[in-house]
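Below is the file upload.cif, which contains mmCIF, C-alpha atoms.
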```cif
data_target
#
loop_
_atom_site.label_atom_id
_atom_site.label_comp_id
_atom_site.auth_asym_id
_atom_site.auth_seq_id
_atom_site.Cartn_x
_atom_site.Cartn_y
_atom_site.Cartn_z
CA MET D 611 81.27 74.30 141.28
CA THR D 612 77.49 74.58 141.19
CA SER D 613 77.74 77.48 143.61
CA THR D 614 78.36 79.66 140.56
CA LEU D 615 74.74 78.94 139.68
CA ALA D 616 73.26 80.47 142.82
CA PRO D 617 70.62 83.05 141.89
CA ILE D 618 71.75 86.61 142.47
CA THR D 619 68.72 88.79 141.76
CA ALA D 620 66.03 88.09 144.30
CA THR D 621 62.53 89.50 144.01
CA SER D 622 59.20 87.95 143.26
CA THR D 623 57.90 91.07 141.56
CA THR D 624 60.37 91.59 138.73
CA THR D 625 58.47 93.55 136.11
CA LEU D 626 60.09 94.20 132.79
CA PRO D 627 59.21 97.18 130.60
CA VAL D 628 57.99 96.71 127.05
CA LEU D 629 59.71 98.05 123.96
CA ASP D 630 58.00 101.24 122.80
CA GLU D 631 56.43 101.64 119.39
CA ALA D 632 59.46 103.49 118.00
CA GLY D 633 61.72 100.64 119.04
CA ARG D 634 59.39 98.02 117.60
CA ALA D 635 59.21 99.93 114.33
CA LEU D 636 63.00 100.36 114.18
CA LEU D 637 63.85 96.69 114.77
CA PHE D 638 60.82 94.74 113.60
CA THR D 639 57.77 96.24 111.97
CA ASP D 640 59.07 99.13 109.83
CA ALA D 641 62.68 98.06 109.30
CA ARG D 642 63.65 96.99 105.80
CA THR D 643 66.59 95.40 104.06
CA ALA D 644 68.42 98.24 102.29
CA ASN D 645 69.31 97.88 98.64
CA THR D 646 71.12 101.20 98.31
CA PHE D 647 73.28 103.08 100.79
CA ALA D 648 74.12 106.75 101.38
CA ASP D 649 77.76 107.88 101.22
CA THR D 650 77.70 108.53 104.97
CA PRO D 651 80.54 106.46 106.42
CA VAL D 652 80.03 103.81 109.07
CA THR D 653 82.68 104.27 111.73
CA ASP D 654 84.73 101.58 113.42
CA GLU D 655 83.05 102.67 116.65
CA GLU D 656 79.62 101.92 115.17
CA LEU D 657 80.79 98.52 113.94
CA SER D 658 82.21 97.71 117.37
CA ALA D 659 78.97 98.87 118.99
CA ILE D 660 76.98 96.45 116.81
CA TRP D 661 78.92 93.51 118.20
CA ASP D 662 78.73 94.89 121.73
CA LEU D 663 74.94 94.48 121.46
CA ALA D 664 74.81 91.31 119.35
CA LYS D 665 77.07 89.30 121.63
CA TRP D 666 74.66 89.32 124.59
CA PRO D 667 71.51 87.36 123.69
CA PRO D 668 71.57 83.66 124.48
CA THR D 669 73.16 80.65 122.80
CA SER D 670 72.81 77.07 124.00
CA ALA D 671 75.26 76.44 126.83
CA ASN D 672 76.64 79.92 126.05
CA PHE D 673 78.67 78.49 123.15
CA GLN D 674 78.78 81.71 121.04
CA PRO D 675 80.18 80.17 117.83
CA LEU D 676 79.62 83.28 115.66
CA ARG D 677 82.57 85.38 114.49
CA VAL D 678 82.68 88.66 112.58
CA LEU D 679 85.09 89.94 109.97
CA TYR D 680 84.53 93.64 109.27
CA ILE D 681 85.66 94.67 105.80
CA ARG D 682 86.94 98.24 105.91
CA THR D 683 89.81 98.71 103.44
CA PRO D 684 89.27 99.17 99.69
CA GLU D 685 91.66 96.30 99.01
CA ALA D 686 89.72 93.85 101.19
CA ARG D 687 86.46 95.10 99.71
CA GLU D 688 87.69 94.40 96.20
CA ARG D 689 88.63 90.87 97.17
CA LEU D 690 85.23 90.26 98.78
CA VAL D 691 83.29 91.71 95.84
CA GLY D 692 85.15 89.29 93.58
CA HIS D 693 83.63 86.39 95.53
CA MET D 694 80.04 87.68 95.49
CA ASN D 695 77.49 86.50 92.93
CA ASP D 696 76.97 88.96 90.10
CA GLY D 697 73.64 90.15 91.49
CA ASN D 698 75.28 91.12 94.78
CA LYS D 699 78.56 92.66 93.56
CA GLU D 700 77.26 96.21 93.06
CA LYS D 701 75.54 96.36 96.48
CA THR D 702 78.57 94.95 98.25
CA ALA D 703 80.88 97.38 96.48
CA ALA D 704 78.68 100.35 97.44
CA ALA D 705 77.94 99.54 101.09
CA PRO D 706 79.89 101.75 103.53
CA ALA D 707 80.82 98.66 105.54
CA VAL D 708 80.43 94.92 105.17
CA ALA D 709 80.43 92.22 107.84
CA VAL D 710 81.34 88.67 106.94
CA LEU D 711 79.68 86.52 109.60
CA ALA D 712 81.43 83.20 110.13
CA VAL D 713 81.26 80.07 112.27
CA ASP D 714 84.26 79.17 114.41
CA THR D 715 84.45 75.43 113.70
CA ARG D 716 86.56 75.01 116.85
CA PHE D 717 84.29 77.06 119.11
CA HIS D 718 84.32 74.25 121.64
CA GLU D 719 87.90 75.13 122.61
CA HIS D 720 86.39 78.07 124.48
CA ILE D 721 83.95 75.97 126.53
CA PRO D 722 86.07 76.07 129.73
CA THR D 723 85.80 79.87 129.51
CA VAL D 724 82.20 80.31 128.38
CA PHE D 725 80.58 77.40 130.24
CA PRO D 726 82.89 76.82 133.22
CA ILE D 727 80.32 74.71 135.09
CA ARG D 728 80.80 71.92 132.52
CA PRO D 729 84.29 72.23 131.00
CA GLU D 730 84.22 68.55 130.06
CA MET D 731 81.76 69.41 127.27
CA GLN D 732 84.81 70.51 125.29
CA ASP D 733 85.87 66.89 125.03
CA VAL D 734 82.33 65.68 124.36
CA LEU D 735 82.04 68.04 121.40
CA GLU D 736 85.56 67.29 120.17
CA ALA D 737 84.55 63.63 119.92
CA ASP D 738 81.09 64.17 118.41
CA GLU D 739 81.28 65.94 115.07
CA THR D 740 77.53 65.71 114.43
CA MET D 741 76.71 67.42 117.73
CA ARG D 742 79.47 69.97 117.17
CA THR D 743 78.46 71.02 113.67
CA GLY D 744 74.76 70.98 114.54
CA SER D 745 75.28 73.20 117.55
CA ALA D 746 77.52 75.54 115.57
CA ALA D 747 74.93 75.86 112.81
CA LEU D 748 71.97 76.53 115.11
CA ASN D 749 73.74 78.89 117.48
CA SER D 750 75.63 80.86 114.85
CA SER D 751 72.38 81.48 112.98
CA LEU D 752 70.60 82.56 116.17
CA GLN D 753 73.48 84.99 116.67
CA ALA D 754 73.21 86.17 113.06
CA GLY D 755 69.59 87.06 113.81
CA TYR D 756 70.72 89.03 116.86
CA PHE D 757 73.40 90.70 114.72
CA ILE D 758 70.91 91.91 112.10
CA LEU D 759 68.68 93.43 114.77
CA ALA D 760 71.74 94.98 116.48
CA VAL D 761 72.66 96.71 113.21
CA ARG D 762 69.17 98.17 113.18
CA ALA D 763 69.44 99.19 116.85
CA LEU D 764 72.39 101.41 115.85
CA GLY D 765 70.21 103.26 113.35
CA LEU D 766 71.84 101.47 110.43
CA ALA D 767 70.34 99.37 107.67
CA ALA D 768 71.43 95.77 107.21
CA GLY D 769 71.57 93.97 103.86
CA PRO D 770 72.09 90.25 104.57
CA MET D 771 73.09 88.18 101.54
CA LEU D 772 73.68 84.49 100.83
CA GLY D 773 74.72 84.80 97.17
CA TYR D 774 78.48 84.28 97.17
CA ASP D 775 81.22 81.69 96.74
CA ALA D 776 81.66 80.66 100.37
CA ALA D 777 84.67 78.45 99.69
CA ALA D 778 86.42 81.32 97.92
CA ILE D 779 85.75 83.76 100.79
CA ASP D 780 86.99 81.16 103.27
CA ALA D 781 90.17 80.47 101.29
CA ASP D 782 90.88 84.18 100.86
CA PHE D 783 90.04 85.55 104.32
CA PHE D 784 90.19 82.50 106.62
CA PRO D 785 93.10 80.50 105.14
CA ASP D 786 93.74 78.45 108.27
CA GLY D 787 90.34 76.81 107.79
CA ARG D 788 89.01 77.46 111.28
CA TRP D 789 86.31 80.02 110.41
CA ARG D 790 83.64 79.33 107.79
CA THR D 791 81.54 82.04 106.18
CA SER D 792 77.84 81.84 107.05
CA LEU D 793 76.32 85.19 105.99
CA VAL D 794 77.50 88.46 104.44
CA VAL D 795 75.80 91.62 105.72
CA ASN D 796 76.05 95.01 104.04
CA ILE D 797 75.82 97.84 106.57
CA GLY D 798 75.14 101.53 106.08
CA HIS D 799 72.69 104.38 106.09
CA PRO D 800 69.89 103.99 103.54
CA GLY D 801 70.58 105.71 100.21
CA GLU D 802 68.33 106.80 97.36
CA ASN D 803 65.30 104.59 96.77
CA PRO D 804 66.59 102.09 99.31
CA TRP D 805 63.53 99.89 99.71
CA PHE D 806 61.79 97.49 97.40
CA PRO D 807 58.06 96.94 98.01
CA ARG D 808 57.77 94.69 101.00
CA LEU D 809 57.27 91.02 100.28
CA PRO D 810 54.38 89.36 102.10
CA ARG D 811 54.66 87.48 105.37
CA LEU D 812 52.77 84.21 105.64
CA ASP D 813 49.35 84.27 107.27
CA ASN D 814 49.11 82.99 110.81
CA GLU D 815 47.01 80.08 109.59
CA HIS D 816 50.19 78.68 108.02
CA THR D 817 52.62 79.62 110.79
CA VAL D 818 51.02 79.55 114.25
CA THR D 819 49.12 76.76 115.99
CA TRP D 820 47.83 76.28 119.53
CA ALA D 821 47.59 73.25 121.75
CA MET H 1414 57.13 90.80 86.68
CA THR H 1415 60.23 92.71 87.74
CA SER H 1416 58.11 95.83 88.00
CA THR H 1417 57.14 94.63 91.47
CA LEU H 1418 60.73 95.43 92.43
CA ALA H 1419 60.49 99.14 91.65
CA PRO H 1420 61.66 101.17 94.67
CA ILE H 1421 58.87 102.96 96.43
CA THR H 1422 60.48 105.16 99.09
CA ALA H 1423 62.54 107.84 97.44
CA THR H 1424 64.83 110.14 99.37
CA SER H 1425 68.60 110.43 99.53
CA THR H 1426 68.56 111.57 103.14
CA THR H 1427 66.81 108.71 104.91
CA THR H 1428 67.99 108.93 108.51
CA LEU H 1429 67.01 106.21 110.91
CA PRO H 1430 66.76 106.73 114.67
CA VAL H 1431 68.82 104.66 117.07
CA LEU H 1432 67.39 102.41 119.76
CA ASP H 1433 67.51 104.17 123.12
CA GLU H 1434 69.38 102.82 126.11
CA ALA H 1435 66.23 101.38 127.68
CA GLY H 1436 65.49 99.45 124.51
CA ARG H 1437 69.08 98.19 124.24
CA ALA H 1438 69.00 97.07 127.86
CA LEU H 1439 65.63 95.32 127.40
CA LEU H 1440 66.61 93.34 124.30
CA PHE H 1441 70.38 92.98 124.45
CA THR H 1442 72.56 94.19 127.29
CA ASP H 1443 70.51 93.63 130.47
CA ALA H 1444 68.12 90.91 129.30
CA ARG H 1445 68.61 87.46 130.77
CA THR H 1446 67.31 83.97 130.27
CA ALA H 1447 64.76 83.37 133.04
CA ASN H 1448 65.00 80.23 135.15
CA THR H 1449 61.89 80.89 137.23
CA PHE H 1450 58.59 82.51 136.31
CA ALA H 1451 55.94 84.46 138.22
CA ASP H 1452 52.37 83.15 138.29
CA THR H 1453 51.27 86.10 136.16
CA PRO H 1454 49.59 84.59 133.11
CA VAL H 1455 50.73 85.23 129.56
CA THR H 1456 47.70 85.97 127.43
CA ASP H 1457 46.95 84.67 123.97
CA GLU H 1458 47.10 88.29 122.84
CA GLU H 1459 50.67 88.58 124.11
CA LEU H 1460 51.66 85.35 122.38
CA SER H 1461 50.11 86.54 119.14
CA ALA H 1462 51.90 89.87 119.52
CA ILE H 1463 55.26 88.09 119.81
CA TRP H 1464 54.78 86.51 116.41
CA ASP H 1465 53.46 89.74 114.94
CA LEU H 1466 56.91 91.22 115.69
CA ALA H 1467 59.07 88.16 115.03
CA LYS H 1468 57.66 87.51 111.57
CA TRP H 1469 59.01 90.75 110.05
CA PRO H 1470 62.83 90.64 110.04
CA PRO H 1471 64.44 89.16 106.93
CA THR H 1472 64.98 85.62 105.70
CA SER H 1473 66.78 84.68 102.50
CA ALA H 1474 64.40 85.05 99.56
CA ASN H 1475 61.71 85.71 102.17
CA PHE H 1476 61.34 81.96 102.76
CA GLN H 1477 60.13 82.18 106.42
CA PRO H 1478 60.42 78.48 107.28
CA LEU H 1479 59.83 78.93 111.05
CA ARG H 1480 56.57 77.82 112.64
CA VAL H 1481 55.26 78.20 116.19
CA LEU H 1482 53.18 75.90 118.35
CA TYR H 1483 51.96 77.68 121.48
CA ILE H 1484 51.26 75.32 124.34
CA ARG H 1485 48.38 76.65 126.43
CA THR H 1486 46.31 73.79 127.82
CA PRO H 1487 47.35 71.74 130.87
CA GLU H 1488 46.92 68.55 128.84
CA ALA H 1489 49.30 69.69 126.09
CA ARG H 1490 51.72 70.98 128.70
CA GLU H 1491 51.84 67.60 130.38
CA ARG H 1492 52.58 65.89 127.08
CA LEU H 1493 55.38 68.35 126.30
CA VAL H 1494 56.94 68.09 129.77
CA GLY H 1495 57.09 64.34 129.29
CA HIS H 1496 59.37 64.87 126.27
CA MET H 1497 61.76 67.29 127.99
CA ASN H 1498 65.04 66.17 129.53
CA ASP H 1499 64.88 65.82 133.30
CA GLY H 1500 66.78 69.07 133.88
CA ASN H 1501 64.18 71.03 131.89
CA LYS H 1502 60.93 69.38 133.06
CA GLU H 1503 60.37 71.60 136.10
CA LYS H 1504 60.96 74.87 134.23
CA THR H 1505 58.75 73.80 131.37
CA ALA H 1506 55.99 72.76 133.75
CA ALA H 1507 56.16 76.09 135.58
CA ALA H 1508 56.37 78.53 132.67
CA PRO H 1509 53.10 80.39 132.03
CA ALA H 1510 53.43 79.67 128.31
CA VAL H 1511 55.68 77.60 126.10
CA ALA H 1512 56.45 77.98 122.41
CA VAL H 1513 57.64 75.01 120.42
CA LEU H 1514 59.51 76.49 117.46
CA ALA H 1515 59.59 74.23 114.44
CA VAL H 1516 60.79 74.09 110.85
CA ASP H 1517 58.26 73.58 108.09
CA THR H 1518 60.11 71.00 105.98
CA ARG H 1519 57.87 71.89 103.04
CA PHE H 1520 58.24 75.66 103.40
CA HIS H 1521 59.06 75.85 99.68
CA GLU H 1522 55.40 75.20 98.82
CA HIS H 1523 54.79 78.82 99.86
CA ILE H 1524 57.42 80.30 97.52
CA PRO H 1525 54.88 81.48 94.90
CA THR H 1526 53.28 83.50 97.71
CA VAL H 1527 56.33 84.77 99.61
CA PHE H 1528 58.72 85.28 96.68
CA PRO H 1529 56.43 85.86 93.69
CA ILE H 1530 59.21 87.28 91.54
CA ARG H 1531 60.75 83.79 91.29
CA PRO H 1532 58.00 81.20 91.81
CA GLU H 1533 60.11 78.61 89.95
CA MET H 1534 62.35 78.38 93.02
CA GLN H 1535 59.68 76.11 94.49
CA ASP H 1536 60.65 73.45 91.95
CA VAL H 1537 64.37 74.10 92.37
CA LEU H 1538 64.10 73.48 96.10
CA GLU H 1539 61.78 70.51 95.67
CA ALA H 1540 64.51 68.86 93.58
CA ASP H 1541 67.48 69.85 95.77
CA GLU H 1542 67.19 68.41 99.26
CA THR H 1543 70.59 69.73 100.36
CA MET H 1544 69.70 73.30 99.43
CA ARG H 1545 66.23 72.91 100.94
CA THR H 1546 67.33 71.59 104.32
CA GLY H 1547 70.27 74.00 104.52
CA SER H 1548 68.06 76.98 103.80
CA ALA H 1549 65.45 75.76 106.28
CA ALA H 1550 68.08 75.35 109.00
CA LEU H 1551 69.72 78.75 108.51
CA ASN H 1552 66.54 80.75 108.06
CA SER H 1553 64.56 79.06 110.83
CA SER H 1554 67.39 79.75 113.27
CA LEU H 1555 67.64 83.39 112.18
CA GLN H 1556 63.92 83.59 112.86
CA ALA H 1557 64.34 81.88 116.24
CA GLY H 1558 66.78 84.68 117.13
CA TYR H 1559 64.18 87.26 116.09
CA PHE H 1560 61.57 85.36 118.13
CA ILE H 1561 63.64 85.45 121.33
CA LEU H 1562 64.17 89.21 121.00
CA ALA H 1563 60.47 89.68 120.20
CA VAL H 1564 59.54 87.91 123.46
CA ARG H 1565 61.75 90.42 125.25
CA ALA H 1566 60.22 93.32 123.33
CA LEU H 1567 56.85 92.36 124.87
CA GLY H 1568 58.33 92.73 128.37
CA LEU H 1569 58.48 88.97 128.81
CA ALA H 1570 61.39 86.71 129.64
CA ALA H 1571 62.37 83.92 127.27
CA GLY H 1572 63.88 80.61 128.32
CA PRO H 1573 65.13 78.83 125.18
CA MET H 1574 65.99 75.15 125.66
CA LEU H 1575 67.48 72.39 123.51
CA GLY H 1576 67.27 69.57 126.03
CA TYR H 1577 64.37 67.41 124.85
CA ASP H 1578 63.47 64.37 122.76
CA ALA H 1579 62.80 66.08 119.44
CA ALA H 1580 61.53 62.93 117.73
CA ALA H 1581 59.02 62.39 120.54
CA ILE H 1582 57.74 65.98 120.35
CA ASP H 1583 57.43 65.68 116.58
CA ALA H 1584 55.55 62.36 116.79
CA ASP H 1585 53.21 63.72 119.46
CA PHE H 1586 52.45 67.22 118.18
CA PHE H 1587 53.33 67.08 114.48
CA PRO H 1588 52.24 63.57 113.49
CA ASP H 1589 52.00 64.32 109.77
CA GLY H 1590 55.79 64.77 109.74
CA ARG H 1591 55.80 68.16 108.05
CA TRP H 1592 56.98 70.29 111.00
CA ARG H 1593 60.14 69.45 112.95
CA THR H 1594 60.93 70.86 116.37
CA SER H 1595 63.95 73.17 116.45
CA LEU H 1596 63.79 75.00 119.80
CA VAL H 1597 61.51 75.09 122.86
CA VAL H 1598 61.08 78.50 124.49
CA ASN H 1599 59.56 79.05 127.93
CA ILE H 1600 57.80 82.41 128.15
CA GLY H 1601 56.63 84.39 131.17
CA HIS H 1602 57.28 87.13 133.65
CA PRO H 1603 60.38 86.57 135.78
CA GLY H 1604 59.69 84.88 139.11
CA GLU H 1605 61.65 84.61 142.34
CA ASN H 1606 65.43 84.54 141.92
CA PRO H 1607 65.03 84.31 138.15
CA TRP H 1608 68.62 84.92 137.04
CA PHE H 1609 71.78 82.90 137.39
CA PRO H 1610 75.03 84.90 137.42
CA ARG H 1611 75.74 85.88 133.87
CA LEU H 1612 78.13 83.65 131.97
CA PRO H 1613 81.00 85.44 130.21
CA ARG H 1614 80.99 86.56 126.60
CA LEU H 1615 84.13 85.92 124.59
CA ASP H 1616 86.62 88.77 124.26
CA ASN H 1617 86.65 90.60 120.95
CA GLU H 1618 90.14 89.25 120.28
CA HIS H 1619 88.49 85.86 119.71
CA THR H 1620 85.40 87.04 117.90
CA VAL H 1621 86.01 90.16 115.78
CA THR H 1622 88.60 90.80 113.08
CA TRP H 1623 89.13 93.61 110.59
CA ALA H 1624 90.37 93.66 107.00
#
```
As structure tokens, how would this structure be written, given the file I've shared?
Amino acid sequence: MTSTLAPITATSTTTLPVLDEAGRALLFTDARTANTFADTPVTDEELSAIWDLAKWPPTSANFQPLRVLYIRTPEARERLVGHMNDGNKEKTAAAPAVAVLAVDTRFHEHIPTVFPIRPEMQDVLEADETMRTGSAALNSSLQAGYFILAVRALGLAAGPMLGYDAAAIDADFFPDGRWRTSLVVNIGHPGENPWFPRLPRLDNEHTVTWA
Amino acid sequence: MTSTLAPITATSTTTLPVLDEAGRALLFTDARTANTFADTPVTDEELSAIWDLAKWPPTSANFQPLRVLYIRTPEARERLVGHMNDGNKEKTAAAPAVAVLAVDTRFHEHIPTVFPIRPEMQDVLEADETMRTGSAALNSSLQAGYFILAVRALGLAAGPMLGYDAAAIDADFFPDGRWRTSLVVNIGHPGENPWFPRLPRLDNEHTVTWA
């Protein structure tokens, strides 16, 4: 079984390129959370392409607990807007597309597929709720970070929001109880006056130490 | 006070570029978790540059609870290796640099600085431990996702690991109890045979739905 772990790329001089300034600006340094969106539609192909990037970066033991519900129809949008806090209703109604990111609470059922070198971890996690929910929380949030940057990689603006009635979204869209909403992300092209002044980032003296 | 929220960039035709194929490959589609590292050093400038990218993407209410301890000295490395699980000791000893990502459990003390439009949220979070720890967990993990992609943006390979004695790392490196370890990330240039065969990602039928 461990033969599946044999290294396959063999060179002692692997040199990776760096991301150019335009890429750094697009994903990190210039990118902003959009508060208004243009009427330009976001296509199903673009939404699929977001996930086709976001699904690749790492999760612990390759668990991949994050799930995505893309809201596309006016009827589904109206239901979702009804569950958002008042301050987020207008943005969510106006965004060309909305992704409801969710945790699959039974992600461990996929362990024999995603981590075939240790299929028995499915049973370990089934028996250990603390480990299971902790791993789901950490890994799904890592993946949400990847998702937000993947939206930006497609030339789209992301508007992540936590102000909503999570239980109401779950009951409405995930009635079997398996998926649980973790973050709602508006997606679209920036509209008029899309950016607020940027809020400050903490100084390195508060965030970075060396040992 | 709300005047600080006045939009500053005004155009109805904001068009963002897309990330080119090389950038997508570097951060998402071709990037891999490294299991061996070359001897090439990672400089303090590179480590600082990682954070100078990773600090920009969004957190809820701009809370930014993630902190970074960069391990650079042989003495600190030896202490850290002693706290890693056996399966991770060798990799952690060999990586040119290691980042210990941590949560600042008192991140809310910075709210008047990072979210000046609602400084009173500092007191709300001080009084509500459930909200405080939940927000810290979600936002620090989002930021850990940004951090991993920022390592890759610098042309470096990241090796995130969860197998360690978190309480021992905290007691050793964060003795005042304020920071709590959330993820250890080896950082360096890929070495010999750095990649295992890629583990599968879940099919879209299990991960993506539409409404």
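Distance-wise, CA of Asp782 (chain D) and CA of Gly692 (chain D) end up 10.6 Å apart.
For the pair CA of Ile1463 (chain H) and CA of Ala1563 (chain H), the separation is 5.5 Å.
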Shell of 9 Å around region 788-796 of chain D, all atoms listed in the file, local chain residues under 2 positions omitted, as a compact mmCIF listing (two decimals) with C-alpha atoms, in the coordinates of the input:
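File produced: result.txt:
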```
# COMPACT_ATOMS: atom_id res chain seq x y z
CA ALA D 644 68.42 98.24 102.29
CA LEU D 676 79.62 83.28 115.66
CA ARG D 677 82.57 85.38 114.49
CA LYS D 701 75.54 96.36 96.48
CA THR D 702 78.57 94.95 98.25
CA ALA D 704 78.68 100.35 97.44
CA ALA D 705 77.94 99.54 101.09
CA PRO D 706 79.89 101.75 103.53
CA ALA D 707 80.82 98.66 105.54
CA VAL D 708 80.43 94.92 105.17
CA ALA D 709 80.43 92.22 107.84
CA VAL D 710 81.34 88.67 106.94
CA LEU D 711 79.68 86.52 109.60
CA ALA D 712 81.43 83.20 110.13
CA VAL D 713 81.26 80.07 112.27
CA ASP D 714 84.26 79.17 114.41
CA THR D 715 84.45 75.43 113.70
CA ARG D 716 86.56 75.01 116.85
CA ALA D 747 74.93 75.86 112.81
CA SER D 750 75.63 80.86 114.85
CA SER D 751 72.38 81.48 112.98
CA ALA D 754 73.21 86.17 113.06
CA ILE D 758 70.91 91.91 112.10
CA ALA D 767 70.34 99.37 107.67
CA ALA D 768 71.43 95.77 107.21
CA GLY D 769 71.57 93.97 103.86
CA PRO D 770 72.09 90.25 104.57
CA MET D 771 73.09 88.18 101.54
CA LEU D 772 73.68 84.49 100.83
CA GLY D 773 74.72 84.80 97.17
CA TYR D 774 78.48 84.28 97.17
CA ALA D 776 81.66 80.66 100.37
CA ALA D 777 84.67 78.45 99.69
CA ILE D 779 85.75 83.76 100.79
CA ASP D 780 86.99 81.16 103.27
CA PHE D 784 90.19 82.50 106.62
CA PRO D 785 93.10 80.50 105.14
CA ASP D 786 93.74 78.45 108.27
CA GLY D 798 75.14 101.53 106.08
CA LEU H 1551 69.72 78.75 108.51
```
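We find CA of Pro1529 (chain H) and CA of Pro810 (chain D) to be spaced 9.3 Å apart.
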Task: Residues near Leu1440 (chain H), cut-off 12 Å, all atoms listed in the file, skip fewer than 4 positions along chain, as a ChimeraX atom specification - done: /D:626-630,633-634,637,663-668,756,759-760,763 /H:1432-1436,1444-1446,1558-1571
Task: Residue neighbourhood Ala671 (chain D), 10 Å, all atoms listed in the file, exclusion window fewer than 3 positions, as a list of chain:residue names - done: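 My reading of the contact set: D:Pro668, D:Gln674, D:Ile721, D:Val724, D:Phe725, D:Pro726, D:Ile727, D:Arg728, D:Met731, D:Ser745, D:Asn749, H:Met1574, H:Leu1575, H:Leu1612.
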Open item on the list: Evaluate the PyMOL selection byres ((chain H and resi 1622) around 9) against this structure - the residues, as a ChimeraX atom specification, please.
Closed with: /D:677-681 /H:1617-1621,1623-1624
Open item on the list: Here is a test: counting all atoms listed in the file, which residue of D:Glu736, D:Ala635, D:Leu812, D:Phe783 is nearest to Pro1478 (chain H)?
Closed with: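 That would be D:Leu812, the residue with the smallest distance to Pro1478 (chain H).
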Open item on the list: Using all atoms listed in the file, can you tell me which of D:Thr743, D:Gln732, D:Thr723, D:Asn803 comes closest to chain H?
Closed with: D:Asn803
- [ ] Give the answer as one residue: which of H:Ala1489, H:Val1494, H:Ala1462, H:Ile1600 has the shortest atom-to-atom distance to chain D, using only C-alpha atoms?
- [x] H:Ala1489
Taking the partial coordinates given, rebuild region 626-637 of chain D to contain N, CA, C and O atoms; return it as a PDB file, keeping the file's coordinate frame.
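Result file is result-v2.pdb:
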```pdb
ATOM      1  N   LEU D 626      59.280  93.672 133.876  1.00  0.00           N
ATOM      2  CA  LEU D 626      60.090  94.200 132.790  1.00  0.00           C
ATOM      3  C   LEU D 626      59.280  95.225 132.003  1.00  0.00           C
ATOM      4  O   LEU D 626      58.062  95.075 131.852  1.00  0.00           O
ATOM      5  N   PRO D 627      59.933  96.245 131.471  1.00  0.00           N
ATOM      6  CA  PRO D 627      59.210  97.180 130.600  1.00  0.00           C
ATOM      7  C   PRO D 627      58.964  96.529 129.236  1.00  0.00           C
ATOM      8  O   PRO D 627      59.465  95.442 128.950  1.00  0.00           O
ATOM      9  N   VAL D 628      58.160  97.174 128.437  1.00  0.00           N
ATOM     10  CA  VAL D 628      57.990  96.710 127.050  1.00  0.00           C
ATOM     11  C   VAL D 628      58.713  97.679 126.130  1.00  0.00           C
ATOM     12  O   VAL D 628      58.977  98.822 126.482  1.00  0.00           O
ATOM     13  N   LEU D 629      59.070  97.202 124.961  1.00  0.00           N
ATOM     14  CA  LEU D 629      59.710  98.050 123.960  1.00  0.00           C
ATOM     15  C   LEU D 629      58.661  98.992 123.378  1.00  0.00           C
ATOM     16  O   LEU D 629      57.574  98.551 122.992  1.00  0.00           O
ATOM     17  N   ASP D 630      58.998 100.278 123.297  1.00  0.00           N
ATOM     18  CA  ASP D 630      58.000 101.240 122.800  1.00  0.00           C
ATOM     19  C   ASP D 630      57.800 101.098 121.291  1.00  0.00           C
ATOM     20  O   ASP D 630      58.526 100.378 120.609  1.00  0.00           O
ATOM     21  N   GLU D 631      56.779 101.781 120.806  1.00  0.00           N
ATOM     22  CA  GLU D 631      56.430 101.640 119.390  1.00  0.00           C
ATOM     23  C   GLU D 631      57.568 102.025 118.467  1.00  0.00           C
ATOM     24  O   GLU D 631      57.781 101.399 117.422  1.00  0.00           O
ATOM     25  N   ALA D 632      58.339 103.066 118.857  1.00  0.00           N
ATOM     26  CA  ALA D 632      59.460 103.490 118.000  1.00  0.00           C
ATOM     27  C   ALA D 632      60.506 102.386 117.918  1.00  0.00           C
ATOM     28  O   ALA D 632      61.064 102.127 116.847  1.00  0.00           O
ATOM     29  N   GLY D 633      60.755 101.737 119.042  1.00  0.00           N
ATOM     30  CA  GLY D 633      61.720 100.640 119.040  1.00  0.00           C
ATOM     31  C   GLY D 633      61.225  99.451 118.241  1.00  0.00           C
ATOM     32  O   GLY D 633      61.993  98.820 117.509  1.00  0.00           O
ATOM     33  N   ARG D 634      59.939  99.143 118.377  1.00  0.00           N
ATOM     34  CA  ARG D 634      59.390  98.020 117.600  1.00  0.00           C
ATOM     35  C   ARG D 634      59.452  98.304 116.100  1.00  0.00           C
ATOM     36  O   ARG D 634      59.748  97.424 115.300  1.00  0.00           O
ATOM     37  N   ALA D 635      59.155  99.557 115.746  1.00  0.00           N
ATOM     38  CA  ALA D 635      59.210  99.930 114.330  1.00  0.00           C
ATOM     39  C   ALA D 635      60.637  99.833 113.810  1.00  0.00           C
ATOM     40  O   ALA D 635      60.885  99.311 112.712  1.00  0.00           O
ATOM     41  N   LEU D 636      61.605 100.315 114.616  1.00  0.00           N
ATOM     42  CA  LEU D 636      63.000 100.360 114.180  1.00  0.00           C
ATOM     43  C   LEU D 636      63.564  98.957 113.960  1.00  0.00           C
ATOM     44  O   LEU D 636      64.295  98.706 113.001  1.00  0.00           O
ATOM     45  N   LEU D 637      63.239  98.032 114.848  1.00  0.00           N
ATOM     46  CA  LEU D 637      63.850  96.690 114.770  1.00  0.00           C
ATOM     47  C   LEU D 637      63.016  95.685 113.989  1.00  0.00           C
ATOM     48  O   LEU D 637      63.569  94.805 113.335  1.00  0.00           O
TER      49      LEU D 637
END
```
